[in-house]
file final15.txt (compact mmCIF, C-alpha atoms)
# COMPACT_ATOMS: atom_id res chain seq x y z
CA MET A 6 19.87 -32.55 -48.56
CA ALA A 7 20.26 -29.38 -46.63
CA LYS A 8 23.08 -27.07 -47.59
CA LEU A 9 25.28 -24.82 -45.55
CA HIS A 10 25.14 -21.11 -46.16
CA VAL A 11 28.71 -19.93 -45.91
CA GLU A 12 30.15 -16.45 -45.58
CA LEU A 13 33.88 -15.86 -45.53
CA VAL A 14 34.51 -12.27 -44.52
CA SER A 15 37.41 -10.08 -43.49
CA PRO A 16 36.96 -6.62 -41.97
CA GLU A 17 37.64 -4.99 -45.32
CA ARG A 18 35.36 -7.04 -47.55
CA GLU A 19 33.31 -10.16 -48.07
CA ILE A 20 35.62 -12.69 -49.65
CA TRP A 21 33.28 -15.51 -50.52
CA ALA A 22 29.63 -16.28 -49.90
CA GLY A 23 27.42 -19.05 -51.13
CA GLU A 24 26.01 -22.52 -50.57
CA ALA A 25 28.31 -25.34 -49.56
CA ASP A 26 28.29 -29.02 -48.60
CA MET A 27 31.15 -28.88 -46.16
CA VAL A 28 33.53 -26.46 -44.48
CA VAL A 29 36.80 -27.50 -42.89
CA ALA A 30 38.42 -25.07 -40.47
CA LYS A 31 41.28 -25.45 -38.06
CA THR A 32 40.85 -24.46 -34.44
CA ILE A 33 43.45 -24.47 -31.73
CA GLU A 34 42.32 -27.99 -30.79
CA GLY A 35 42.40 -29.43 -34.27
CA GLU A 36 40.60 -29.46 -37.60
CA MET A 37 36.82 -29.42 -37.65
CA GLY A 38 34.68 -30.51 -40.53
CA ILE A 39 31.28 -28.88 -40.58
CA MET A 40 28.41 -30.40 -42.50
CA PRO A 41 24.73 -29.46 -42.59
CA GLY A 42 23.00 -30.08 -39.28
CA HIS A 43 26.06 -29.33 -37.19
CA ALA A 44 25.50 -28.13 -33.63
CA PRO A 45 26.04 -24.40 -33.01
CA VAL A 46 29.72 -23.70 -32.45
CA LEU A 47 31.90 -20.66 -31.96
CA GLY A 48 35.55 -21.49 -32.53
CA LEU A 49 38.82 -19.65 -32.81
CA LEU A 50 40.84 -20.05 -35.98
CA VAL A 51 44.54 -20.78 -35.86
CA ASP A 52 46.58 -17.80 -37.04
CA GLY A 53 47.98 -19.04 -40.33
CA SER A 54 45.71 -21.90 -41.30
CA VAL A 55 43.67 -22.98 -44.30
CA VAL A 56 39.88 -22.96 -44.49
CA ARG A 57 38.40 -25.26 -47.12
CA ILE A 58 34.91 -24.85 -48.50
CA LYS A 59 33.29 -27.50 -50.68
CA PRO A 60 30.70 -25.60 -52.72
CA ALA A 61 27.26 -27.15 -53.21
CA ASP A 62 27.40 -26.87 -56.99
CA GLU A 63 30.11 -29.56 -57.23
CA SER A 64 32.67 -27.00 -58.39
CA GLU A 65 36.24 -27.10 -57.18
CA THR A 66 36.98 -26.81 -53.46
CA ILE A 67 37.75 -23.29 -52.33
CA SER A 68 40.80 -22.87 -50.13
CA ALA A 69 41.61 -19.70 -48.32
CA MET A 70 44.49 -18.72 -46.12
CA VAL A 71 43.31 -17.05 -42.92
CA SER A 72 45.21 -15.41 -40.12
CA GLY A 73 43.43 -14.92 -36.84
CA GLY A 74 39.72 -14.63 -36.36
CA PHE A 75 36.94 -17.08 -35.60
CA PHE A 76 34.04 -18.94 -37.12
CA SER A 77 30.50 -19.50 -35.99
CA VAL A 78 28.04 -22.21 -36.96
CA ALA A 79 24.32 -21.87 -36.25
CA SER A 80 21.33 -23.44 -37.98
CA ASP A 81 23.29 -24.34 -41.13
CA GLU A 82 24.83 -20.90 -41.41
CA VAL A 83 28.60 -20.78 -41.26
CA SER A 84 30.40 -17.48 -40.91
CA VAL A 85 34.16 -17.40 -41.06
CA LEU A 86 35.48 -14.08 -39.81
CA ALA A 87 39.16 -13.75 -40.47
CA GLU A 88 41.24 -10.76 -39.51
CA TYR A 89 43.02 -11.31 -42.77
CA ALA A 90 42.16 -13.77 -45.53
CA GLU A 91 43.27 -14.57 -49.04
CA LEU A 92 41.63 -16.93 -51.52
CA GLY A 93 43.90 -19.60 -52.94
CA GLY A 94 43.20 -18.41 -56.47
CA GLU A 95 44.31 -14.88 -55.64
CA ILE A 96 47.67 -15.84 -54.23
CA ASP A 97 50.79 -14.94 -56.18
CA LEU A 98 52.66 -18.25 -56.09
CA ASP A 99 56.16 -16.89 -56.70
CA ALA A 100 55.78 -14.21 -54.04
CA ALA A 101 54.36 -16.73 -51.57
CA ARG A 102 57.21 -19.17 -52.25
CA ALA A 103 59.81 -16.40 -51.85
CA GLU A 104 58.19 -15.31 -48.57
CA TYR A 105 58.22 -18.92 -47.34
CA GLU A 106 61.91 -19.29 -48.16
CA ARG A 107 62.65 -15.99 -46.43
CA VAL A 108 60.91 -16.77 -43.14
CA SER A 109 61.72 -20.47 -42.90
CA GLY A 110 65.26 -19.78 -41.68
CA LEU A 111 64.15 -17.40 -38.90
CA GLU A 112 63.64 -18.31 -35.26
CA GLY A 113 61.51 -16.99 -32.44
CA GLU A 114 57.82 -16.58 -31.74
CA GLU A 115 57.07 -14.00 -34.42
CA ALA A 116 58.91 -16.06 -36.98
CA ALA A 117 56.82 -19.09 -36.05
CA VAL A 118 53.64 -17.18 -36.85
CA ALA A 119 55.14 -15.86 -40.08
CA GLN A 120 56.17 -19.41 -41.04
CA ARG A 121 52.69 -20.75 -40.31
CA ARG A 122 51.17 -18.01 -42.43
CA ALA A 123 53.58 -18.53 -45.30
CA ARG A 124 52.92 -22.28 -45.22
CA ALA A 125 49.17 -21.77 -45.08
CA ARG A 126 49.37 -19.39 -48.02
CA LEU A 127 51.20 -21.97 -50.11
CA ARG A 128 48.83 -24.75 -49.08
CA ALA A 129 45.80 -22.59 -49.89
CA ALA A 130 47.29 -22.05 -53.33
CA GLY A 131 47.38 -25.82 -53.77
CA GLN A 132 51.08 -26.42 -53.18
CA GLU A 133 52.61 -29.17 -51.11
CA VAL A 134 54.75 -27.88 -48.28
CA MET B 7 45.63 50.74 -70.50
CA GLY B 8 44.75 52.35 -67.20
CA ALA B 9 46.33 51.15 -63.97
CA GLN B 10 42.98 50.30 -62.43
CA LEU B 11 41.96 48.13 -65.35
CA ARG B 12 45.23 46.25 -65.21
CA THR B 13 44.91 45.36 -61.50
CA ILE B 14 41.34 44.19 -62.00
CA ARG B 15 42.35 41.97 -64.92
CA ARG B 16 45.09 40.47 -62.78
CA ARG B 17 42.62 39.71 -59.99
CA ILE B 18 40.29 38.02 -62.46
CA ALA B 19 43.12 35.78 -63.67
CA THR B 20 44.06 34.83 -60.10
CA THR B 21 40.48 34.05 -59.12
CA ARG B 22 40.01 31.99 -62.26
CA SER B 23 43.02 29.79 -61.52
CA MET B 24 41.83 29.38 -57.95
CA ALA B 25 38.41 28.31 -59.20
CA LYS B 26 40.09 25.69 -61.36
CA ILE B 27 41.89 24.25 -58.34
CA THR B 28 38.80 24.13 -56.15
CA ARG B 29 36.79 22.62 -58.98
CA ALA B 30 39.38 19.87 -59.39
CA GLN B 31 39.31 19.22 -55.64
CA GLU B 32 35.54 19.01 -55.77
CA LEU B 33 35.64 16.43 -58.55
CA ILE B 34 38.28 14.35 -56.78
CA ALA B 35 36.27 14.38 -53.56
CA SER B 36 33.04 13.36 -55.29
CA SER B 37 34.69 10.41 -56.98
CA ARG B 38 36.13 9.30 -53.65
CA ILE B 39 32.87 9.50 -51.69
CA VAL B 40 31.43 6.68 -53.76
CA LYS B 41 34.43 4.50 -53.02
CA ALA B 42 34.39 5.40 -49.34
CA GLN B 43 30.70 4.53 -49.08
CA GLN B 44 31.33 1.22 -50.77
CA ARG B 45 34.02 0.42 -48.22
CA VAL B 46 31.59 1.24 -45.41
CA ARG B 47 29.17 -1.24 -46.95
CA GLU B 48 31.84 -3.91 -47.40
CA SER B 49 32.79 -3.69 -43.75
CA GLY B 50 29.15 -4.43 -42.84
CA PRO B 51 29.09 -8.27 -42.90
CA TYR B 52 32.09 -8.60 -40.58
CA ALA B 53 30.75 -6.02 -38.12
CA ARG B 54 27.35 -7.73 -38.09
CA GLN B 55 28.75 -11.20 -37.50
CA ILE B 56 31.13 -10.17 -34.76
CA THR B 57 28.37 -8.26 -32.98
CA ARG B 58 26.21 -11.35 -33.15
CA ALA B 59 28.95 -13.54 -31.76
CA ILE B 60 29.60 -11.15 -28.87
CA SER B 61 25.89 -10.99 -28.09
CA ALA B 62 25.77 -14.77 -28.12
CA LEU B 63 28.64 -14.97 -25.68
CA VAL B 64 27.17 -12.38 -23.39
CA SER B 65 23.75 -13.99 -23.46
CA HIS B 66 25.48 -17.11 -22.10
CA ASN B 67 26.72 -14.97 -19.23
CA VAL B 68 30.29 -15.58 -20.23
CA GLY B 69 32.74 -12.90 -19.25
CA VAL B 70 30.82 -11.35 -16.42
CA GLY B 71 33.66 -9.52 -14.74
CA HIS B 72 35.81 -9.52 -17.87
CA PRO B 73 38.06 -6.46 -17.64
CA LEU B 74 36.83 -5.05 -20.94
CA LEU B 75 33.21 -5.28 -19.87
CA THR B 76 33.30 -3.88 -16.35
CA GLU B 77 33.41 -0.34 -15.09
CA ARG B 78 36.69 0.50 -13.41
CA THR B 79 36.61 2.46 -10.21
CA ASP B 80 40.34 2.53 -9.50
CA SER B 81 41.22 4.97 -12.28
CA LYS B 82 39.93 8.39 -13.26
CA ARG B 83 41.56 8.57 -16.66
CA ALA B 84 39.27 8.61 -19.68
CA ALA B 85 40.74 8.37 -23.18
CA VAL B 86 39.18 10.47 -25.92
CA LEU B 87 40.03 9.34 -29.45
CA ILE B 88 39.48 12.26 -31.83
CA ILE B 89 39.21 11.37 -35.50
CA THR B 90 40.15 14.35 -37.69
CA SER B 91 41.45 14.63 -41.25
CA ASP B 92 44.99 14.92 -42.54
CA ARG B 93 44.23 17.74 -44.94
CA GLY B 94 42.15 20.89 -44.68
CA PHE B 95 39.91 22.26 -47.43
CA ALA B 96 36.98 20.43 -45.88
CA GLY B 97 34.85 23.23 -44.49
CA GLY B 98 33.90 22.82 -40.85
CA TYR B 99 34.79 19.11 -40.72
CA ASN B 100 37.66 19.32 -38.27
CA ALA B 101 36.26 22.28 -36.34
CA ASN B 102 33.06 20.34 -35.66
CA VAL B 103 34.87 17.24 -34.43
CA ILE B 104 37.22 19.25 -32.23
CA ARG B 105 34.36 21.30 -30.78
CA GLU B 106 32.47 18.10 -29.95
CA ALA B 107 35.61 16.65 -28.35
CA GLU B 108 36.12 19.81 -26.27
CA GLY B 109 32.54 19.53 -25.05
CA LEU B 110 33.05 15.89 -24.12
CA MET B 111 36.26 16.65 -22.25
CA THR B 112 34.62 19.48 -20.31
CA MET B 113 31.85 17.09 -19.35
CA LEU B 114 34.34 14.43 -18.25
CA ARG B 115 36.19 16.98 -16.14
CA GLU B 116 32.95 18.00 -14.48
CA GLN B 117 32.40 14.35 -13.60
CA GLY B 118 35.78 14.41 -11.89
CA LYS B 119 37.57 12.41 -14.58
CA GLU B 120 40.80 13.17 -16.31
CA PRO B 121 40.47 13.20 -20.10
CA VAL B 122 43.42 11.85 -22.10
CA PRO B 123 43.29 12.80 -25.78
CA TYR B 124 44.43 10.48 -28.57
CA ILE B 125 44.36 11.96 -32.05
CA VAL B 126 43.92 10.61 -35.56
CA GLY B 127 44.75 12.99 -38.42
CA ARG B 128 47.29 15.75 -38.92
CA LYS B 129 44.78 18.57 -38.50
CA GLY B 130 43.89 17.51 -34.97
CA VAL B 131 47.55 17.08 -34.09
CA GLY B 132 48.27 20.55 -35.47
CA TRP B 133 45.44 22.03 -33.44
CA TYR B 134 46.80 20.54 -30.22
CA ARG B 135 50.42 21.42 -30.96
CA PHE B 136 49.53 25.03 -31.76
CA ARG B 137 47.83 25.38 -28.39
CA GLU B 138 50.68 23.51 -26.72
CA ARG B 139 48.31 21.00 -25.22
CA GLU B 140 49.33 17.52 -24.22
CA PHE B 141 48.06 14.44 -25.98
CA ALA B 142 48.83 10.82 -25.31
CA GLY B 143 49.18 9.49 -28.83
CA ASP B 144 48.56 10.20 -32.49
CA TRP B 145 48.17 8.36 -35.79
CA THR B 146 48.40 10.24 -39.08
CA GLY B 147 48.62 9.74 -42.80
CA PHE B 148 45.55 7.64 -43.59
CA SER B 149 42.45 9.68 -42.76
CA ASP B 150 41.08 9.81 -46.32
CA ASN B 151 41.76 6.17 -47.11
CA PRO B 152 42.18 4.09 -43.94
CA ARG B 153 43.39 0.49 -43.97
CA PHE B 154 42.40 -2.15 -41.47
CA GLU B 155 45.95 -2.23 -40.10
CA ASN B 156 45.42 1.36 -38.93
CA ALA B 157 42.31 0.41 -36.98
CA GLU B 158 44.19 -2.59 -35.61
CA ALA B 159 47.09 -0.44 -34.42
CA ILE B 160 44.77 2.05 -32.73
CA GLY B 161 42.66 -0.68 -31.16
CA ARG B 162 45.67 -2.56 -29.81
CA THR B 163 47.20 0.56 -28.27
CA LEU B 164 43.96 1.59 -26.60
CA VAL B 165 43.20 -1.87 -25.24
CA ARG B 166 46.74 -2.18 -23.92
CA GLU B 167 46.43 1.18 -22.14
CA PHE B 168 43.03 0.16 -20.83
CA GLU B 169 44.31 -3.04 -19.31
CA LYS B 170 47.18 -1.38 -17.43
CA PRO B 171 46.89 -1.16 -13.66
CA ALA B 172 45.70 2.17 -12.28
CA ASP B 173 49.07 3.31 -10.96
CA GLU B 174 50.62 2.96 -14.42
CA GLY B 175 47.97 5.13 -16.01
CA GLY B 176 45.34 2.55 -16.83
CA LEU B 177 42.26 3.99 -18.51
CA ALA B 178 38.80 3.74 -17.01
CA GLU B 179 36.92 4.66 -20.17
CA ILE B 180 37.54 5.09 -23.87
CA HIS B 181 35.43 7.52 -25.90
CA VAL B 182 35.60 8.19 -29.61
CA VAL B 183 34.65 11.41 -31.37
CA TYR B 184 34.14 10.94 -35.10
CA THR B 185 31.93 12.14 -37.92
CA GLU B 186 29.04 9.93 -38.86
CA PHE B 187 28.10 9.81 -42.53
CA VAL B 188 24.33 10.19 -42.35
CA SER B 189 23.78 11.08 -45.99
CA MET B 190 25.50 12.93 -48.81
CA LEU B 191 24.26 16.20 -47.32
CA THR B 192 24.41 15.50 -43.60
CA GLN B 193 27.41 14.45 -41.59
CA THR B 194 27.35 14.92 -37.86
CA ALA B 195 30.07 14.76 -35.24
CA GLN B 196 29.29 11.93 -32.82
CA VAL B 197 30.56 10.80 -29.44
CA ARG B 198 30.62 7.07 -28.70
CA ARG B 199 31.81 5.21 -25.66
CA LEU B 200 33.95 2.30 -26.77
CA LEU B 201 34.99 0.82 -23.43
CA PRO B 202 33.73 -0.50 -21.14
CA LEU B 203 31.41 -2.04 -23.70
CA GLU B 204 27.77 -1.27 -23.41
CA ILE B 205 26.20 -4.60 -24.07
CA GLU B 206 22.68 -3.24 -24.51
CA GLU B 207 23.91 -1.38 -27.53
CA SER B 208 25.26 -4.44 -29.30
CA GLU B 209 22.04 -6.32 -28.68
CA GLN B 210 20.07 -3.55 -30.27
CA ALA B 211 21.84 -3.96 -33.60
CA PRO B 212 19.08 -4.06 -36.22
CA GLU B 213 19.73 -7.61 -37.45
CA GLU B 214 19.56 -8.96 -33.93
CA GLN B 215 15.90 -8.41 -33.33
CA THR B 216 14.79 -10.48 -36.29
CA GLN B 217 17.17 -13.21 -35.19
CA GLY B 218 15.19 -13.93 -32.05
CA VAL B 219 16.72 -16.27 -29.52
CA LEU B 220 20.40 -16.88 -30.07
CA PRO B 221 21.44 -20.49 -30.51
CA ALA B 222 23.12 -22.37 -27.68
CA TYR B 223 26.68 -22.32 -28.93
CA GLU B 224 29.44 -24.69 -28.04
CA PHE B 225 32.80 -23.00 -27.78
CA GLU B 226 36.11 -24.13 -29.21
CA PRO B 227 38.39 -24.29 -27.22
CA SER B 228 36.47 -22.62 -24.34
CA ALA B 229 34.02 -19.78 -23.85
CA ASP B 230 36.47 -17.60 -21.96
CA SER B 231 39.28 -17.92 -24.46
CA VAL B 232 36.87 -17.20 -27.30
CA LEU B 233 35.71 -14.04 -25.54
CA ASP B 234 39.30 -13.02 -24.84
CA ALA B 235 40.15 -13.29 -28.51
CA LEU B 236 36.91 -11.79 -29.73
CA LEU B 237 36.68 -8.61 -27.70
CA PRO B 238 39.82 -6.95 -29.10
CA ASN B 239 38.63 -7.92 -32.59
CA TYR B 240 35.29 -6.36 -31.86
CA ILE B 241 36.89 -3.12 -30.71
CA GLU B 242 39.10 -3.03 -33.80
CA SER B 243 36.07 -3.58 -35.96
CA ARG B 244 34.23 -0.71 -34.25
CA ILE B 245 37.21 1.62 -34.73
CA TRP B 246 37.50 0.47 -38.33
CA HIS B 247 33.86 1.30 -38.88
CA MET B 248 34.33 4.76 -37.38
CA LEU B 249 37.43 5.43 -39.47
CA LEU B 250 35.52 4.51 -42.63
CA GLN B 251 32.58 6.68 -41.66
CA ALA B 252 34.93 9.56 -40.92
CA ALA B 253 36.68 9.12 -44.28
CA ALA B 254 33.37 9.17 -46.17
CA SER B 255 32.29 12.26 -44.22
CA GLU B 256 35.59 13.97 -44.90
CA HIS B 257 35.16 13.52 -48.65
CA ALA B 258 31.53 14.64 -48.55
CA GLN B 259 32.38 17.77 -46.60
CA ARG B 260 35.36 18.54 -48.78
CA ARG B 261 33.20 18.22 -51.86
CA ARG B 262 30.68 20.65 -50.43
CA ALA B 263 33.30 23.12 -49.26
CA MET B 264 35.03 23.02 -52.63
CA LYS B 265 31.76 23.40 -54.48
CA SER B 266 30.87 26.56 -52.58
CA ALA B 267 34.42 27.84 -53.05
CA THR B 268 34.13 27.30 -56.80
CA ASP B 269 30.72 28.99 -56.89
CA ASN B 270 32.09 31.86 -54.88
CA ALA B 271 35.06 32.28 -57.17
CA ASN B 272 32.76 32.36 -60.19
CA ASP B 273 30.67 35.09 -58.54
CA VAL B 274 33.80 37.09 -57.85
CA ILE B 275 34.93 36.65 -61.45
CA GLU B 276 31.55 37.88 -62.69
CA ASN B 277 31.61 40.97 -60.48
CA LEU B 278 35.19 41.79 -61.36
CA THR B 279 34.44 41.41 -65.07
CA ARG B 280 31.63 43.95 -64.71
CA ILE B 281 33.93 46.38 -62.92
CA ALA B 282 36.63 45.80 -65.53
CA ASN B 283 34.18 46.48 -68.36
CA GLN B 284 33.02 49.62 -66.67
CA ALA B 285 36.57 50.79 -66.20
CA ARG B 286 37.37 50.04 -69.83
CA GLN B 287 34.31 51.94 -71.07
CA ALA B 288 35.08 54.86 -68.80
CA GLU B 289 38.56 54.95 -70.29
CA ILE B 290 37.21 54.91 -73.86
CA THR B 291 34.68 57.58 -73.07
CA GLN B 292 37.38 59.71 -71.58
CA GLU B 293 39.64 59.21 -74.60
CA ILE B 294 36.80 60.13 -77.00
CA SER B 295 35.95 63.25 -75.05
CA GLU B 296 39.64 64.17 -74.98
CA ILE B 297 39.89 63.75 -78.75
CA VAL B 298 36.66 65.64 -79.37
CA GLY B 299 37.72 68.35 -76.96
CA GLY B 300 41.13 68.58 -78.64
CA ALA B 301 39.60 68.74 -82.13
CA ASN B 302 37.14 71.43 -81.03
CA ALA B 303 39.91 73.44 -79.50
CA LEU B 304 41.94 73.16 -82.72
CA ALA B 305 38.92 74.12 -84.84
CA GLU B 306 38.16 77.12 -82.64
CA SER B 307 41.74 78.35 -82.62
CA SER B 308 42.05 78.02 -86.44
CA ALA B 309 38.62 79.74 -86.90
CA GLY B 310 39.78 82.59 -84.68
CA SER B 311 42.99 83.13 -86.72
CA GLU B 312 41.15 83.58 -90.00
call {"tool": "encode", "arguments": {"input": "final15.txt", "output": "structure tokens"}}
result
Amino acid sequence: MAKLHVELVSPEREIWAGEADMVVAKTIEGEMGIMPGHAPVLGLLVDGSVVRIKPADESETISAMVSGGFFSVASDEVSVLAEYAELGGEIDLDAARAEYERVSGLEGEEAAVAQRRARARLRAAGQEV
Amino acid sequence: MGAQLRTIRRRIATTRSMAKITRAQELIASSRIVKAQQRVRESGPYARQITRAISALVSHNVGVGHPLLTERTDSKRAAVLIITSDRGFAGGYNANVIREAEGLMTMLREQGKEPVPYIVGRKGVGWYRFREREFAGDWTGFSDNPRFENAEAIGRTLVREFEKPADEGGLAEIHVVYTEFVSMLTQTAQVRRLLPLEIEESEQAPEEQTQGVLPAYEFEPSADSVLDALLPNYIESRIWHMLLQAAASEHAQRRRAMKSATDNANDVIENLTRIANQARQAEITQEISEIVGGANALAESSAGSE
């Protein structure tokens, strides 16, 4: 079966690259699951969402918190370009939890983005929020 | 010890401590070039992908007439973003960038446009302040180790200014003057037009040619909104790339300047040591001839008394 070639990059570095069976990303219109053979798509990522990558070598699913950016799919190549991204494994749980507690009481548009990001960070780290 | 010898010894000591400082600077700069180059490389995948996506959008004829892609005729203001360093000790680095920027601004004036300088780096700001010239904005404190947030802040400000209506000072063009890191030995000051985007340029990106025909993308949620979101990102990524190039160039030029300063100091030390030795020997010779002369005089006077 064909595999997807996935690149997860931020402006500062390449965060993850490799072969995968499936990528799940969240656009403004909802979550999209991308499997090999998907039609070419360019989609915007929701600021403060989780991108999940299921690697081809059956290892554990990779979750990353992304804020802003877009992804493109073309001939089984998936590129996720996030303005800012963090791998679930790299997230400091206590700091993320503290940040979530701090912003969850706030109100307004900026606070909504901060809350979405904090929630996505916790979810990428494998926590239930 | 003679007065001359003492002043020369003091100068040798001063030069030696100066050589130590420049040598340390040289070593710091060389260790940072490697890191700066690595960051330029790491920014590559993102820049490549975003260029591809923009080309794909444009090849679908999306965004014809998009404000960031069209030439404005209602405004004569042209922003010039000058990327200089925060610290000196880098040879002709800042002078070259500023000279290039001056040339660009003269050219713009000849075309009947009004250049509006924006400055990155304390040295450029200092240059403008000293001459009491006006500039529209400045960002300092990160030239040797930029972060993406810096590029983001610059990009957002410039795009915001660009999108303003003409009577509020909207910009017609945005140019950037920065130093391109060609190799360890060559860094050249470059002028690039950032806005309106030149689409030909993005299609000529090296990876694009091998790619052939771009796939027929679907857009989520719609082509226009994707382009709206993508263009500012693309501009930030270009500025980011230029900041990284400039940082690598700054370190390379500082290393070279500090190396020649160290070499120079060592030459000076060598020359001064020779002069000091000569002075010391002259002093000894003089002392010996004084002693010999004195002894002879004594011997003659005692011989005469007998």
call {"tool": "interface_residues", "arguments": {"input": "final15.txt", "of": "chain B", "to": "chain A", "cutoff": "10 Å", "atoms": "all atoms listed in the file", "output": "number ranges by chain"}}
result
B: 44-53, 55-56, 58-59, 62-63, 153-155, 158, 220-229, 231-233, 235-236, 239, 242-243, 246-247
call {"tool": "atom_distance", "arguments": {"input": "final15.txt", "atom1": "CA of Leu33 (chain B)", "atom2": "CA of Glu106 (chain B)"}}
result
28.8 Å
call {"tool": "atom_distance", "arguments": {"input": "final15.txt", "atom1": "CA of Ala309 (chain B)", "atom2": "CA of Ile290 (chain B)"}}
result
28.1 Å
call {"tool": "residues_around", "arguments": {"input": "final15.txt", "residues": "Asp80 (chain B)", "least_positions_apart": "2", "cutoff": "12 Å", "atoms": "only C-alpha atoms", "output": "ChimeraX atom specification"}}
result
/B:76-78,82-84,119,168-179
call {"tool": "atom_distance", "arguments": {"input": "final15.txt", "atom1": "CA of Val83 (chain A)", "atom2": "CA of Leu237 (chain B)"}}
result
19.9 Å
call {"tool": "closest_residue", "arguments": {"input": "final15.txt", "among": "A:Val11, A:Ala69, A:Glu36, A:Gly93", "to": "Val55 (chain A)", "atoms": "all atoms listed in the file"}}
result
A:Ala69
call {"tool": "residues_around", "arguments": {"input": "final15.txt", "residues": "Trp145 (chain B)", "least_positions_apart": "5", "cutoff": "9 Å", "atoms": "all atoms listed in the file", "output": "ChimeraX atom specification"}}
result
/B:124-128,131,156,159-160
call {"tool": "write_last_selection", "arguments": {"input": "final15.txt", "atoms": "C-alpha atoms", "output": "JSON list (two decimals), in the frame of the given file"}}
result
[["chain", "number", "residue", "atom", "x", "y", "z"],
["B", 124, "TYR", "CA", 44.43, 10.48, -28.57],
["B", 125, "ILE", "CA", 44.36, 11.96, -32.05],
["B", 126, "VAL", "CA", 43.92, 10.61, -35.56],
["B", 127, "GLY", "CA", 44.75, 12.99, -38.42],
["B", 128, "ARG", "CA", 47.29, 15.75, -38.92],
["B", 131, "VAL", "CA", 47.55, 17.08, -34.09],
["B", 156, "ASN", "CA", 45.42, 1.36, -38.93],
["B", 159, "ALA", "CA", 47.09, -0.44, -34.42],
["B", 160, "ILE", "CA", 44.77, 2.05, -32.73]]
call {"tool": "residues_around", "arguments": {"input": "final15.txt", "residues": "region 102-116 of chain A", "least_positions_apart": "5", "cutoff": "10 Å", "atoms": "all atoms listed in the file", "output": "MDAnalysis selection string"}}
result
chainID A and resid 97 121:127 132 134
call {"tool": "closest_residue", "arguments": {"input": "final15.txt", "among": "A:Glu91, A:Lys59, A:Gly53, A:Val118", "to": "Ala130 (chain A)", "atoms": "only C-alpha atoms"}}
result
A:Glu91
call {"tool": "closest_residue", "arguments": {"input": "final15.txt", "among": "B:Ile104, B:Leu304, B:Ala30, B:Val86", "to": "Glu120 (chain B)", "atoms": "all atoms listed in the file"}}
result
B:Val86
call {"tool": "residues_around", "arguments": {"input": "final15.txt", "residues": "Ile67 (chain A)", "least_positions_apart": "2", "cutoff": "9 Å", "atoms": "all atoms listed in the file", "output": "PyMOL selection string"}}
result
chain A and resi 56-60+64-65+69+92-94+129
call {"tool": "axis_aligned_box", "arguments": {"input": "final15.txt", "around": "region 82-98 of chain B", "padding_each_side": "5 Å", "output": "JSON"}}
result
{"center_x": 39.4, "center_y": 15.8, "center_z": -30.3, "size_x": 21.1, "size_y": 24.9, "size_z": 44.2}
